[in-house]
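All remarks here apply to the structure that follows.
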Amino acid sequence: MDNNVQALLDILKVTYLGKAVSFNIESPRQLYRIAKENGLSGTIYETIKDQIDEKEVLARFKKDFFKYISDDEKKSNIINEISTVLNAKKIEHIYLKGSSLKKVYPRSYMRSMGDIDLLVREQDFDKANDELIVNGFVRDSQGPVHNVFYFGDTEVELHRKLVLDADKDQFLLLKNIWDYCQKTNASKWIISTEQEIIFLLYHIRKHLLSSGVGLRNILDIGIYLNHSNQIDLEILKQGLDTTNLTRLYSNILMFNEKYLDLDLSNCYIETIEFDNKLYESFTEYIIRSGVHGLGYDFNQFVARFAKDQKQDIGKRKSLIRFMFPPYNFMKEKYPKMMKYKILLPIGWIRRFFRLIFKRTKKILLYLHFIKKADQADIDKTSDLFTKLGI
């Protein structure tokens with residue numbers, strides 16, 4: 001394993017768990033880049049501030065530290081504002097991902113997050129949408145899974161469901177998530193521990209197969225399990241079996257034990273042999289990926305091609321599918337336009353114009369990724385996904 005990655009893991013053992021671990025920062029600049037891309041640069045500042053002599057690098061860590069703290073306070077206030085709005089209209093809601101996970105970290109700011117995600121019941125979705133608009137949230141886009149709003153510069157995703165239609169059969173449990181939730185106060189609900197673990201795994205799986213996922217999201221599982229002391233393993237086993245996530249869960253559990261020197265033995269559903277080669281290759285992959293696959297040296301299209309290859313879809317056909325997505329994808333992207341399959345060509349034309357004229361930089365980046373996607377990397381990534389259990 002790269003020495004800078006090992007240093008980051010050792011620093012996180014101190015930061016998250018207060019372990020007496022020594023660490024050696026070989027390259028402060030490399031450490032900063034890795035931590036920044038994986039959503040951890042502000043998290044580790046107080047642990048490393050006396051160990052870095054390079055003033056410029058230390059200043060970057062310090063800047064991110066204060067940004068994490070201010071961002072955490074700002075988003076906590078927005079979450080409270082959203083709850084006030086929805087509670088007033090008795091709209092039941094659940095906070096997801098980072099908004100929910102912050103409570104299991106030693107300090108709230110240590111779990112950075114890009115946006116605020118929340119779920120409301122399908123029948124309340126339009127009402128919740130309208131109430132947010134009335135109270136100063138600006139709607140940026142609409143979709144079949146969620147609408148995107150902005151409150152100032154903070155993005156808020158209002159979900160009507162958790163899974164894409166393409167995933168609803170395998171993840172029926174998440175489709176019916178309200179059956180596994182408990183009311184806390186007023187109109188706020190929380191997902192039960194076992195189902196929240198499954199949702200976090202689903203989210204990791206989705207991003208691995210579509211773009212990328214960084215170290216932060218993988219550590220969420222270890223921190224969450226280390227914090228939770230009431231897990232019904234039988235319920236968790238049933239959920240993992242029905243969603244076909246058992247192998248992925250076992251691997252991520254073992255990786256977290258190794259990453260943070262945790263003992264999660266009471267959380268295992270099945271026992272599999274630790275694969276050190278898989279551990280090394282997976283760690284290298286997620287570190288390069290960074291949060292949402294935005295690492296500077298990471299090609300998101302390799303993951304997409306690898307996913308299709310696992311379904312016996314070659315690179316050429318995969319490119320055609322990307323340029324001319326199937327009806328189900330287009331229906332989710334443009335629900336109002338795609339009421340009838342005969343309108344599919346019109347949807348493709350609209351999509352082309354949107355990409356070319358509104359997202360020119362993105363389409364140029366896509367073309368760069370497509371050109372650089374090497375078949376050997378695709379094969380390697382496809383094999384990695386198989387061994388992981390996805």
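In the structure tokens, chains take letters A, B, ... by order of appearance, with residues numbered from 1 within each chain and ligands from 1 in the order shown.
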**Request:** Can you pull out every residue within 7 Å of segment 213-217 of chain A, counting only C-alpha atoms, but drop anything in the same chain fewer than 3 positions away, and send it as a list in words?
**Result:**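 Contacts, in chain order: Asn38, Gly39, Ile204, His207, Leu208, Asp220, Ile286, Ile287, Ser289, Gly290, Val291, His292 and Gly293 of chain A.
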**Message:** I need the residues in segment 115-239 of chain A that are helix (DSSP H, G or I) according to DSSP; give them as a VMD selection string.
**Reply:** chain A and resid 122 to 134 165 to 167 172 to 175 177 to 180 193 to 210 215 to 227 233 to 239
**Message:** Can you measure atom CA of Leu294 of chain A to atom CA of Arg205 of chain A for me? One decimal in Å is fine.
**Reply:**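 Pair atom CA of Leu294 of chain A / atom CA of Arg205 of chain A returns 16.5 Å.
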Per residue of segment 100-176 of chain A within 9 Å of segment 333-345 of chain A, what are the shortest atom pair and its distance in Å to one decimal, counting only C-alpha atoms, with rows by chain and residue number, as JSON lines?
```
{"residue": "A:Gln142", "atom": "CA", "partner": "A:Tyr334", "partner_atom": "CA", "distance": 8.7}
{"residue": "A:Gly143", "atom": "CA", "partner": "A:Lys333", "partner_atom": "CA", "distance": 6.2}
{"residue": "A:Pro144", "atom": "CA", "partner": "A:Pro335", "partner_atom": "CA", "distance": 6.6}
```
Please, could you write that set of residues out with C-alpha atoms as a PDB file, in the first residue's frame?
```
ATOM      1  CA  GLN A 142     -36.981  17.787 -11.384  1.00  0.00           C
ATOM      2  CA  GLY A 143     -36.725  14.025 -11.734  1.00  0.00           C
ATOM      3  CA  PRO A 144     -38.535  10.778 -11.029  1.00  0.00           C
TER       4      PRO A 144
END
```
Which residues come within 10 Å of segment 372-375 of chain A, counting only C-alpha atoms, excluding same-chain residues fewer than 6 positions away, as an mmCIF file with N, CA and C atoms, in the first residue's frame?
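Final output, result_26.cif:
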```
data_model
loop_
_atom_site.group_PDB
_atom_site.id
_atom_site.type_symbol
_atom_site.label_atom_id
_atom_site.label_comp_id
_atom_site.auth_asym_id
_atom_site.auth_seq_id
_atom_site.Cartn_x
_atom_site.Cartn_y
_atom_site.Cartn_z
ATOM 1 N N ASN A 299 -10.776 7.628 -14.123
ATOM 2 C CA ASN A 299 -11.616 7.621 -15.322
ATOM 3 C C ASN A 299 -12.952 6.957 -14.990
ATOM 4 N N GLN A 300 -13.995 7.757 -14.879
ATOM 5 C CA GLN A 300 -15.308 7.231 -14.512
ATOM 6 C C GLN A 300 -15.860 6.255 -15.540
ATOM 7 N N PHE A 301 -15.467 6.405 -16.800
ATOM 8 C CA PHE A 301 -16.033 5.545 -17.835
ATOM 9 C C PHE A 301 -15.504 4.114 -17.759
ATOM 10 N N VAL A 302 -14.364 3.922 -17.119
ATOM 11 C CA VAL A 302 -13.871 2.560 -16.926
ATOM 12 C C VAL A 302 -14.882 1.769 -16.095
ATOM 13 N N ALA A 303 -15.414 2.395 -15.041
ATOM 14 C CA ALA A 303 -16.423 1.735 -14.200
ATOM 15 C C ALA A 303 -17.682 1.428 -15.003
ATOM 16 N N PHE A 305 -17.980 1.001 -18.297
ATOM 17 C CA PHE A 305 -17.704 -0.069 -19.247
ATOM 18 C C PHE A 305 -17.575 -1.411 -18.527
ATOM 19 N N ALA A 306 -16.956 -1.403 -17.338
ATOM 20 C CA ALA A 306 -16.789 -2.631 -16.563
ATOM 21 C C ALA A 306 -18.145 -3.189 -16.138
ATOM 22 N N LYS A 315 -17.679 -2.801 -25.305
ATOM 23 C CA LYS A 315 -17.418 -1.367 -25.219
ATOM 24 C C LYS A 315 -18.178 -0.590 -26.290
ATOM 25 N N TYR A 366 -16.180 13.855 -20.951
ATOM 26 C CA TYR A 366 -16.647 12.506 -21.274
ATOM 27 C C TYR A 366 -15.874 11.928 -22.457
ATOM 28 N N THR A 381 -11.127 -3.820 -13.615
ATOM 29 C CA THR A 381 -12.211 -3.265 -12.798
ATOM 30 C C THR A 381 -13.401 -4.213 -12.743
#
```
**Prompt:** So which residues touch Asn176 of chain A within 12 Å, counting only C-alpha atoms, skipping near sequence neighbours fewer than 5 positions away, as a ChimeraX atom specification?
**Reply:** /A:121-122,160-163,168-171,181,191,195,199
**Message:** So, with only C-alpha atoms as the atoms that count, which of A:Ile78, A:Met113, A:Val21, A:Ile133 lies closest to Gly42 of chain A?
**Reply:** A:Met113
